[in-house]
file work11.txt (compact mmCIF, C-alpha atoms and all ligand atoms)
# COMPACT_ATOMS: atom_id res chain seq x y z
CA MET A 1 0.00 0.00 0.00
CA ALA A 2 1.29 3.49 -0.82
CA PRO A 3 2.20 5.52 2.29
CA SER A 4 -0.54 7.98 3.21
CA HIS A 5 0.51 11.61 3.42
CA PRO A 6 -1.38 14.25 5.38
CA PRO A 7 -3.35 16.47 3.01
CA SER A 8 -1.35 19.54 2.00
CA PRO A 9 -2.36 22.78 3.70
CA ARG A 10 -4.67 25.23 1.98
CA VAL A 11 -2.62 28.37 1.32
CA GLU A 12 -3.84 31.86 0.46
CA LEU A 13 -2.27 35.26 -0.09
CA ALA A 14 -3.85 37.84 2.24
CA ARG A 15 -3.31 40.85 0.01
CA ALA A 16 -2.44 44.32 1.21
CA LYS A 17 -5.33 46.80 1.05
CA VAL A 18 -4.31 50.08 -0.56
CA ASN A 19 -6.48 53.21 -0.37
CA LEU A 20 -5.65 54.93 -3.69
CA ALA A 21 -7.87 57.78 -2.49
CA LEU A 22 -9.29 58.26 1.01
CA HIS A 23 -11.73 61.08 1.68
CA VAL A 24 -12.98 61.63 5.22
CA THR A 25 -16.38 63.26 4.82
CA GLY A 26 -17.91 63.25 8.30
CA GLN A 27 -18.12 61.64 11.71
CA ARG A 28 -20.90 59.56 13.28
CA SER A 29 -22.19 60.22 16.78
CA ASP A 30 -20.28 57.10 17.99
CA GLY A 31 -17.00 58.70 16.86
CA TYR A 32 -16.43 56.53 13.77
CA HIS A 33 -15.55 58.51 10.64
CA LEU A 34 -17.41 58.45 7.32
CA LEU A 35 -15.09 57.57 4.49
CA GLU A 36 -15.14 57.47 0.70
CA SER A 37 -12.29 55.43 -0.68
CA LEU A 38 -11.08 53.72 -3.83
CA VAL A 39 -9.49 50.51 -2.57
CA VAL A 40 -7.27 48.06 -4.48
CA PHE A 41 -5.43 44.84 -3.61
CA PRO A 42 -2.01 44.42 -5.24
CA GLN A 43 -0.34 41.01 -5.45
CA ILE A 44 1.67 41.68 -2.29
CA GLY A 45 0.61 40.20 1.03
CA ASP A 46 0.82 37.87 4.01
CA ARG A 47 0.67 34.11 3.56
CA ILE A 48 -1.88 32.07 5.49
CA ALA A 49 -1.85 28.27 5.55
CA LEU A 50 -4.66 26.18 7.06
CA GLU A 51 -4.33 22.48 7.91
CA SER A 52 -5.98 19.96 10.22
CA SER A 53 -4.50 19.63 13.69
CA GLU A 54 -5.33 18.27 17.13
CA LYS A 55 -6.50 21.63 18.43
CA LEU A 56 -7.00 25.20 17.26
CA GLU A 57 -3.58 26.82 17.05
CA LEU A 58 -1.93 29.84 15.44
CA VAL A 59 1.71 29.82 14.39
CA LEU A 60 3.33 33.17 13.62
CA GLU A 61 6.39 33.45 11.42
CA GLY A 62 7.89 35.85 8.90
CA PRO A 63 9.74 39.18 9.15
CA PHE A 64 6.98 41.13 10.97
CA ALA A 65 5.56 38.37 13.22
CA ARG A 66 7.17 39.92 16.31
CA ASP A 67 5.44 43.26 15.76
CA ILE A 68 1.95 41.84 16.32
CA GLU A 69 1.03 42.94 19.81
CA GLY A 70 -0.97 41.09 22.45
CA PRO A 71 -1.79 37.46 23.12
CA ALA A 72 -2.67 34.99 20.32
CA GLU A 73 -6.34 35.18 21.29
CA ALA A 74 -6.33 38.88 20.34
CA ASN A 75 -5.05 38.06 16.86
CA LEU A 76 -7.68 38.86 14.25
CA ILE A 77 -7.12 35.40 12.71
CA LEU A 78 -8.22 33.54 15.85
CA LYS A 79 -11.02 36.06 16.42
CA ALA A 80 -12.20 35.33 12.87
CA VAL A 81 -12.15 31.55 13.52
CA ARG A 82 -14.13 31.79 16.76
CA SER A 83 -16.70 34.23 15.32
CA PHE A 84 -17.14 32.13 12.18
CA ALA A 85 -17.72 28.90 14.16
CA GLU A 86 -20.22 30.64 16.44
CA ARG A 87 -22.14 32.27 13.56
CA ALA A 88 -22.15 29.03 11.53
CA GLY A 89 -23.28 26.96 14.55
CA LEU A 90 -20.18 24.75 14.30
CA PRO A 91 -17.77 23.54 17.00
CA CYS A 92 -14.49 25.42 16.99
CA PRO A 93 -12.41 23.63 14.30
CA ASP A 94 -9.22 21.73 15.17
CA ILE A 95 -6.89 23.47 12.74
CA ARG A 96 -3.43 24.94 12.61
CA LEU A 97 -3.21 28.34 10.96
CA THR A 98 0.27 29.51 10.01
CA LEU A 99 0.62 33.21 9.33
CA THR A 100 3.75 34.31 7.49
CA LYS A 101 3.66 38.00 8.35
CA ARG A 102 5.25 39.84 5.44
CA LEU A 103 3.30 43.11 5.65
CA PRO A 104 4.37 45.66 8.28
CA VAL A 105 1.96 45.91 11.21
CA SER A 106 -0.19 49.04 11.87
CA SER A 107 0.87 50.44 8.55
CA GLY A 108 -2.28 51.59 6.70
CA ILE A 109 -2.44 48.60 4.36
CA GLY A 110 -4.85 46.52 6.46
CA GLY A 111 -2.62 43.51 7.01
CA GLY A 112 -4.61 42.32 10.03
CA SER A 113 -7.93 43.01 8.29
CA SER A 114 -6.85 41.10 5.21
CA ASP A 115 -5.62 38.21 7.37
CA ALA A 116 -9.05 38.06 9.06
CA ALA A 117 -10.98 38.20 5.77
CA THR A 118 -8.76 35.58 4.14
CA THR A 119 -9.19 33.31 7.18
CA LEU A 120 -12.98 33.58 6.80
CA ARG A 121 -12.75 32.52 3.15
CA LEU A 122 -10.39 29.63 4.01
CA LEU A 123 -12.79 28.49 6.74
CA GLU A 124 -15.71 28.46 4.33
CA ASP A 125 -13.82 26.10 2.05
CA PHE A 126 -12.46 23.96 4.91
CA THR A 127 -15.84 23.49 6.63
CA GLY A 128 -17.95 23.50 3.47
CA THR A 129 -20.20 26.02 5.24
CA TYR A 130 -20.88 29.14 3.23
CA LEU A 131 -22.69 31.85 5.19
CA PRO A 132 -25.04 34.15 3.25
CA GLU A 133 -22.92 37.11 2.00
CA GLU A 134 -24.78 39.61 4.28
CA GLU A 135 -24.05 37.45 7.34
CA LEU A 136 -20.39 37.08 6.39
CA HIS A 137 -20.21 40.85 5.79
CA ALA A 138 -21.74 41.57 9.25
CA LEU A 139 -19.34 39.10 10.89
CA ALA A 140 -16.40 40.74 9.09
CA LEU A 141 -17.53 44.21 10.19
CA SER A 142 -17.67 43.03 13.82
CA LEU A 143 -13.93 42.26 13.50
CA GLY A 144 -12.99 45.70 12.13
CA ALA A 145 -14.19 48.43 9.76
CA ASP A 146 -11.70 47.39 7.07
CA VAL A 147 -12.44 43.64 7.15
CA PRO A 148 -15.54 43.58 4.84
CA VAL A 149 -13.69 45.22 1.93
CA CYS A 150 -10.91 42.63 2.25
CA LEU A 151 -13.40 39.77 1.65
CA ILE A 152 -13.33 40.57 -2.07
CA PRO A 153 -9.73 41.51 -2.93
CA GLU A 154 -10.64 43.43 -6.08
CA PRO A 155 -11.01 47.15 -6.82
CA GLN A 156 -13.87 48.51 -4.70
CA ILE A 157 -15.42 51.79 -3.69
CA MET A 158 -15.85 51.87 0.06
CA ARG A 159 -18.21 54.23 1.87
CA GLY A 160 -19.84 54.58 5.31
CA ILE A 161 -17.35 53.52 7.97
CA GLY A 162 -16.08 50.86 5.55
CA ASP A 163 -19.31 48.87 5.48
CA GLU A 164 -20.86 50.15 2.23
CA LEU A 165 -19.16 48.52 -0.72
CA ALA A 166 -19.55 48.80 -4.48
CA THR A 167 -17.62 47.25 -7.35
CA GLY A 168 -14.69 49.47 -8.32
CA PRO A 169 -13.45 50.42 -11.78
CA ASP A 170 -11.56 48.22 -14.23
CA LEU A 171 -7.91 49.19 -13.97
CA PRO A 172 -5.22 49.49 -16.64
CA ALA A 173 -1.93 47.57 -16.46
CA CYS A 174 -0.12 49.36 -13.65
CA GLY A 175 2.75 48.73 -11.26
CA ILE A 176 2.75 49.70 -7.59
CA VAL A 177 5.62 50.24 -5.18
CA LEU A 178 4.84 50.18 -1.45
CA VAL A 179 7.21 51.88 0.99
CA ASN A 180 7.06 51.99 4.77
CA PRO A 181 9.74 53.85 6.75
CA LYS A 182 9.42 51.13 9.45
CA ALA A 183 7.27 53.40 11.57
CA GLY A 184 3.92 52.28 12.96
CA VAL A 185 1.24 54.93 13.42
CA SER A 186 -1.93 54.38 15.42
CA THR A 187 -5.13 54.61 13.34
CA PRO A 188 -7.28 56.17 16.14
CA GLU A 189 -4.52 58.69 16.90
CA VAL A 190 -4.36 59.84 13.26
CA PHE A 191 -8.17 60.16 13.12
CA ARG A 192 -8.06 62.18 16.39
CA SER A 193 -5.33 64.50 15.06
CA MET A 194 -7.22 65.48 11.91
CA THR A 195 -8.17 69.15 11.85
CA ARG A 196 -11.07 68.72 9.35
CA ARG A 197 -13.64 65.94 9.13
CA ASP A 198 -16.10 67.39 6.59
CA ASN A 199 -14.03 67.14 3.45
CA PRO A 200 -15.50 67.00 -0.08
CA ALA A 201 -16.73 63.66 -1.43
CA LEU A 202 -14.80 61.43 -3.83
CA PRO A 203 -15.29 62.62 -7.43
CA LEU A 204 -17.51 60.26 -9.46
CA VAL A 205 -15.50 57.09 -10.21
CA PRO A 206 -15.73 56.00 -13.87
CA GLU A 207 -16.50 52.35 -14.70
CA SER A 208 -13.04 51.86 -16.12
CA PHE A 209 -9.66 53.52 -16.54
CA ASP A 210 -8.18 52.44 -19.87
CA THR A 211 -4.70 53.91 -19.40
CA LEU A 212 -2.36 54.65 -16.51
CA SER A 213 -2.57 58.38 -17.24
CA GLN A 214 -6.39 58.26 -17.02
CA LEU A 215 -6.08 56.56 -13.63
CA THR A 216 -3.45 58.93 -12.25
CA GLY A 217 -5.28 61.93 -13.75
CA TYR A 218 -8.39 60.93 -11.82
CA LEU A 219 -6.43 60.23 -8.63
CA ALA A 220 -4.74 63.63 -8.85
CA SER A 221 -8.19 65.14 -8.27
CA CYS A 222 -8.54 63.03 -5.09
CA ARG A 223 -6.74 63.06 -1.73
CA ASN A 224 -5.89 61.10 1.35
CA ASP A 225 -7.44 63.29 4.05
CA MET A 226 -5.46 61.51 6.77
CA GLN A 227 -2.08 62.22 5.16
CA ASP A 228 -1.30 65.64 6.68
CA ALA A 229 -2.25 64.52 10.20
CA ALA A 230 -0.13 61.37 9.82
CA ILE A 231 2.89 63.41 8.63
CA GLN A 232 2.50 65.68 11.66
CA LEU A 233 2.72 62.58 13.90
CA CYS A 234 5.46 60.85 11.91
CA GLY A 235 7.78 63.04 9.84
CA ARG A 236 9.32 60.02 8.10
CA ILE A 237 6.12 59.68 6.02
CA GLY A 238 6.95 63.07 4.49
CA ASP A 239 10.47 61.82 3.72
CA VAL A 240 9.11 58.75 1.89
CA LEU A 241 6.66 60.85 -0.13
CA SER A 242 9.41 63.32 -1.13
CA VAL A 243 11.57 60.47 -2.44
CA LEU A 244 8.68 58.85 -4.36
CA LYS A 245 7.58 62.19 -5.85
CA ALA A 246 11.14 62.96 -6.99
CA ASP A 247 11.34 59.72 -9.03
CA SER A 248 10.39 60.53 -12.63
CA ARG A 249 9.26 56.92 -13.21
CA ILE A 250 6.49 57.32 -10.59
CA ASP A 251 3.29 58.92 -11.89
CA LEU A 252 1.52 59.39 -8.55
CA ALA A 253 2.61 59.03 -4.91
CA ARG A 254 0.36 59.11 -1.84
CA MET A 255 -0.08 57.58 1.62
CA SER A 256 -2.45 54.60 2.12
CA GLY A 257 -4.99 54.50 4.98
CA SER A 258 -3.76 56.07 8.20
CA GLY A 259 -0.13 55.41 7.17
CA ALA A 260 2.73 55.12 7.41
CA THR A 261 2.90 53.05 4.18
CA CYS A 262 2.98 55.13 0.99
CA PHE A 263 2.57 53.96 -2.59
CA GLY A 264 3.84 54.98 -5.99
CA LEU A 265 2.04 54.08 -9.23
CA CYS A 266 4.07 53.47 -12.36
CA GLU A 267 4.25 51.60 -15.66
CA PRO A 268 4.39 47.87 -14.76
CA GLU A 269 7.90 47.39 -16.19
CA HIS A 270 9.36 50.15 -13.99
CA ALA A 271 8.20 48.66 -10.65
CA PRO A 272 11.10 46.16 -10.10
CA ASP A 273 13.72 48.80 -11.04
CA ILE A 274 12.20 51.38 -8.72
CA GLU A 275 12.13 48.80 -5.91
CA ARG A 276 15.82 48.00 -6.53
CA SER A 277 16.97 51.62 -6.51
CA LEU A 278 14.91 52.47 -3.40
CA ARG A 279 16.41 49.48 -1.59
CA ALA A 280 19.94 50.60 -2.47
CA ASP A 281 19.31 54.18 -1.26
CA HIS A 282 17.14 53.32 1.78
CA PRO A 283 18.05 49.91 3.19
CA GLU A 284 16.21 50.87 6.39
CA TRP A 285 12.79 51.04 4.68
CA TRP A 286 10.35 48.21 3.92
CA ILE A 287 9.79 48.15 0.17
CA ALA A 288 7.67 45.86 -2.02
CA SER A 289 6.43 46.07 -5.58
CA GLY A 290 4.14 44.21 -7.95
CA PRO A 291 1.20 44.51 -10.30
CA LEU A 292 -1.63 46.76 -9.01
CA SER A 293 -4.30 44.11 -9.50
C1 LIG B 1 -8.21 54.12 8.11
C2 LIG B 1 -8.49 52.83 7.36
C3 LIG B 1 -8.96 53.18 5.92
O1 LIG B 1 -9.13 52.02 5.13
O2 LIG B 1 -7.37 51.98 7.17
P1 LIG B 1 -6.05 51.57 8.04
O3 LIG B 1 -5.22 52.78 8.28
O4 LIG B 1 -6.47 50.94 9.31
O5 LIG B 1 -5.34 50.57 7.18
C4 LIG B 1 -9.66 52.05 8.05
O6 LIG B 1 -10.85 52.79 8.02
C5 LIG B 1 -9.43 51.60 9.45
O7 LIG B 1 -10.13 50.41 9.64
P2 LIG B 1 -9.79 49.40 10.86
O8 LIG B 1 -8.34 49.47 11.14
O9 LIG B 1 -10.39 48.07 10.54
O10 LIG B 1 -10.56 50.10 12.01
P3 LIG B 1 -11.19 49.48 13.37
O11 LIG B 1 -10.26 48.44 13.89
O12 LIG B 1 -12.62 49.12 13.15
O13 LIG B 1 -11.14 50.77 14.29
C6 LIG B 1 -9.96 51.28 14.88
C7 LIG B 1 -10.24 52.70 15.32
O14 LIG B 1 -10.17 53.57 14.17
C8 LIG B 1 -11.17 54.57 14.22
N1 LIG B 1 -12.00 54.49 13.02
C9 LIG B 1 -11.96 53.39 12.21
C10 LIG B 1 -12.72 53.35 11.05
C11 LIG B 1 -13.54 54.47 10.75
N2 LIG B 1 -14.30 54.49 9.64
N3 LIG B 1 -13.57 55.54 11.57
C12 LIG B 1 -12.80 55.56 12.69
O15 LIG B 1 -12.84 56.56 13.42
C13 LIG B 1 -11.92 54.36 15.51
O16 LIG B 1 -11.32 55.19 16.48
C14 LIG B 1 -11.62 52.92 15.89
O17 LIG B 1 -11.63 52.75 17.27
N1 LIG B 2 -3.09 39.06 12.06
C1 LIG B 2 -2.73 40.30 12.41
N2 LIG B 2 -1.83 40.97 11.67
C2 LIG B 2 -1.48 42.24 12.00
N3 LIG B 2 -1.94 42.90 13.06
C3 LIG B 2 -2.83 42.27 13.84
C4 LIG B 2 -3.25 40.96 13.55
N4 LIG B 2 -4.14 40.63 14.50
C5 LIG B 2 -4.25 41.66 15.33
N5 LIG B 2 -3.47 42.66 14.96
C6 LIG B 2 -3.37 43.99 15.61
O1 LIG B 2 -4.16 44.89 14.81
C7 LIG B 2 -3.62 46.20 14.84
C8 LIG B 2 -3.64 46.81 13.43
O2 LIG B 2 -2.83 46.09 12.60
P1 LIG B 2 -2.88 46.19 10.98
O3 LIG B 2 -4.06 45.49 10.44
O4 LIG B 2 -1.55 45.74 10.51
O5 LIG B 2 -3.04 47.77 10.76
P2 LIG B 2 -3.31 48.66 9.47
O6 LIG B 2 -4.72 48.43 9.04
O7 LIG B 2 -3.06 50.08 9.89
O8 LIG B 2 -2.30 48.24 8.42
C9 LIG B 2 -2.25 46.10 15.49
O9 LIG B 2 -2.35 46.64 16.80
C10 LIG B 2 -1.97 44.60 15.59
O10 LIG B 2 -1.23 44.26 16.75

call {"tool": "encode", "arguments": {"input": "work11.txt", "output": "structure tokens"}}
result
Amino acid sequence: MAPSHPPSPRVELARAKVNLALHVTGQRSDGYHLLESLVVFPQIGDRIALESSEKLELVLEGPFARDIEGPAEANLILKAVRSFAERAGLPCPDIRLTLTKRLPVSSGIGGGSSDAATTLRLLEDFTGTYLPEEELHALALSLGADVPVCLIPEPQIMRGIGDELATGPDLPACGIVLVNPKAGVSTPEVFRSMTRRDNPALPLVPESFDTLSQLTGYLASCRNDMQDAAIQLCGRIGDVLSVLKADSRIDLARMSGSGATCFGLCEPEHAPDIERSLRADHPEWWIASGPLS
């Protein structure tokens, strides 16, 4: 008889969430801010593997594993597992989840949110239990405002506090370079430091952008309303943006989310070269590049 091997783990990329534009248009009475954002998911992310085990366990590895604060139970991955089992009426599954943390933590690219959303999708496949989309969306929202958008890692327009989602535009071939000066900024602190919360809405998003210049032309009419407050709290964000803006191969540079990660958009073939030259000049920064979608 052939030797039996344990089934290979299910592996997914939990993609970074990038806010190409982020307008803060108001604040609810509970303190949460109203946002309008064009969100994309480049092919850059954490790795999550799920396999059967004797008990529920989370293994953390990768370059940024040590930066995740708090006990394992506070990790959004385990919170996602427990909430999913409860909502689906299932016992807590005996699985080992291995997170290879490649995205910097607290960095405006929703690493934790994407990990949680990807775990929910992996659990659906593992258990064969598919919750109705509205229930999965509500469960995701209970884990964090950015988790619902990460359930569908495709271009989306996000409104409300992150809970109102619409399909985003078709995007042209485009490269993206992500840069973090290895500084974590606290999302609530950046929201608190903003001087204005009633900024103008996102301009109407077309159904598709056929060329990179159409995309960057549109984005130039948009903003990240958290950027100035984040730079006030962390001057290194301003340094990153100055370097990205000075590179003639980069068509648009901006901060994502509450920072400190910034992005540059470019022709796809320039992305690896830009990454290489940034690494040579700034070995202290975290830098990644890839296709935008
Ligand atoms: C700012 C954004 C933009 O995409 O991205 P990140 O910087 O986190 O990547 C998100 O709205 C972040 O979403 P997320 O990080 O999931 O937020 P949560 O955990 O739900 O909330 C953390 C804290 O941020 C504030 N918060 C969050 C979302 C929102 N729409 N308004 C807020 O005021 C609240 O003070 C809340 O206590
Ligand atoms: N799986 C996870 N990955 C990253 N951070 C996590 C995770 N689970 C919980 N956290 C906590 O969530 C907070 C926000 O992390 P993260 O999602 O990386 O922020 P951001 O959305 O700003 O990029 C941090 O305080 C971190 O310790």

call {"tool": "atom_distance", "arguments": {"input": "work11.txt", "atom1": "atom CA of A:Asp225", "atom2": "atom C4 of ligand LIG 1 (chain B)"}}
result
12.1 Å

call {"tool": "axis_aligned_box", "arguments": {"input": "work11.txt", "around": "ligand LIG 1 (chain B)", "padding_each_side": "8 Å", "output": "AutoDock Vina command-line options"}}
result
--center_x -9.8 --center_y 52.3 --center_z 11.2 --size_x 25.1 --size_y 24.5 --size_z 28.1

call {"tool": "atom_distance", "arguments": {"input": "work11.txt", "atom1": "atom CA of A:Gly259", "atom2": "atom CA of A:Phe84"}}
result
29.3 Å

call {"tool": "closest_residue", "arguments": {"input": "work11.txt", "among": "A:Cys92, A:Cys262, A:Ala85, A:Ala16", "to": "A:Val177", "atoms": "all atoms listed in the file"}}
result
A:Cys262

call {"tool": "residues_around", "arguments": {"input": "work11.txt", "residues": "stretch 150-159 of chain A", "least_positions_apart": "4", "cutoff": "9 Å", "atoms": "all atoms listed in the file", "output": "PDB file with C-alpha atoms, in the coordinates of the input"}}
result
ATOM      1  CA  ALA A  14      -3.850  37.840   2.240  1.00  0.00           C
ATOM      2  CA  ARG A  15      -3.310  40.850   0.010  1.00  0.00           C
ATOM      3  CA  ALA A  16      -2.440  44.320   1.210  1.00  0.00           C
ATOM      4  CA  LYS A  17      -5.330  46.800   1.050  1.00  0.00           C
ATOM      5  CA  LEU A  34     -17.410  58.450   7.320  1.00  0.00           C
ATOM      6  CA  LEU A  35     -15.090  57.570   4.490  1.00  0.00           C
ATOM      7  CA  GLU A  36     -15.140  57.470   0.700  1.00  0.00           C
ATOM      8  CA  SER A  37     -12.290  55.430  -0.680  1.00  0.00           C
ATOM      9  CA  LEU A  38     -11.080  53.720  -3.830  1.00  0.00           C
ATOM     10  CA  VAL A  39      -9.490  50.510  -2.570  1.00  0.00           C
ATOM     11  CA  VAL A  40      -7.270  48.060  -4.480  1.00  0.00           C
ATOM     12  CA  PHE A  41      -5.430  44.840  -3.610  1.00  0.00           C
ATOM     13  CA  PRO A  42      -2.010  44.420  -5.240  1.00  0.00           C
ATOM     14  CA  GLY A 110      -4.850  46.520   6.460  1.00  0.00           C
ATOM     15  CA  SER A 113      -7.930  43.010   8.290  1.00  0.00           C
ATOM     16  CA  SER A 114      -6.850  41.100   5.210  1.00  0.00           C
ATOM     17  CA  ASP A 115      -5.620  38.210   7.370  1.00  0.00           C
ATOM     18  CA  ALA A 116      -9.050  38.060   9.060  1.00  0.00           C
ATOM     19  CA  ALA A 117     -10.980  38.200   5.770  1.00  0.00           C
ATOM     20  CA  THR A 118      -8.760  35.580   4.140  1.00  0.00           C
ATOM     21  CA  LEU A 120     -12.980  33.580   6.800  1.00  0.00           C
ATOM     22  CA  ARG A 121     -12.750  32.520   3.150  1.00  0.00           C
ATOM     23  CA  LEU A 136     -20.390  37.080   6.390  1.00  0.00           C
ATOM     24  CA  HIS A 137     -20.210  40.850   5.790  1.00  0.00           C
ATOM     25  CA  ALA A 140     -16.400  40.740   9.090  1.00  0.00           C
ATOM     26  CA  ASP A 146     -11.700  47.390   7.070  1.00  0.00           C
ATOM     27  CA  ASP A 163     -19.310  48.870   5.480  1.00  0.00           C
ATOM     28  CA  GLU A 164     -20.860  50.150   2.230  1.00  0.00           C
ATOM     29  CA  LEU A 165     -19.160  48.520  -0.720  1.00  0.00           C
ATOM     30  CA  ALA A 166     -19.550  48.800  -4.480  1.00  0.00           C
ATOM     31  CA  THR A 167     -17.620  47.250  -7.350  1.00  0.00           C
ATOM     32  CA  GLY A 168     -14.690  49.470  -8.320  1.00  0.00           C
ATOM     33  CA  PRO A 169     -13.450  50.420 -11.780  1.00  0.00           C
ATOM     34  CA  ASP A 170     -11.560  48.220 -14.230  1.00  0.00           C
ATOM     35  CA  LEU A 171      -7.910  49.190 -13.970  1.00  0.00           C
ATOM     36  CA  VAL A 205     -15.500  57.090 -10.210  1.00  0.00           C
ATOM     37  CA  SER A 293      -4.300  44.110  -9.500  1.00  0.00           C
TER      38      SER A 293
END

call {"tool": "closest_residue", "arguments": {"input": "work11.txt", "among": "A:Pro9, A:Pro104, A:Pro71, A:Pro91", "to": "A:Asp46", "atoms": "all atoms listed in the file"}}
result
A:Pro104

call {"tool": "residues_near_ligand", "arguments": {"input": "work11.txt", "ligand": "ligand LIG 1 (chain B)", "cutoff": "6 Å", "atoms": "all atoms listed in the file", "output": "tab-separated table (two decimals) with C-alpha atoms, keeping the file's coordinate frame"}}
result
chain	number	residue	atom	x	y	z
A	31	GLY	CA	-17.00	58.70	16.86
A	32	TYR	CA	-16.43	56.53	13.77
A	33	HIS	CA	-15.55	58.51	10.64
A	34	LEU	CA	-17.41	58.45	7.32
A	108	GLY	CA	-2.28	51.59	6.70
A	109	ILE	CA	-2.44	48.60	4.36
A	110	GLY	CA	-4.85	46.52	6.46
A	144	GLY	CA	-12.99	45.70	12.13
A	145	ALA	CA	-14.19	48.43	9.76
A	146	ASP	CA	-11.70	47.39	7.07
A	147	VAL	CA	-12.44	43.64	7.15
A	161	ILE	CA	-17.35	53.52	7.97
A	162	GLY	CA	-16.08	50.86	5.55
A	187	THR	CA	-5.13	54.61	13.34
A	188	PRO	CA	-7.28	56.17	16.14
A	191	PHE	CA	-8.17	60.16	13.12
A	257	GLY	CA	-4.99	54.50	4.98
A	258	SER	CA	-3.76	56.07	8.20
A	259	GLY	CA	-0.13	55.41	7.17
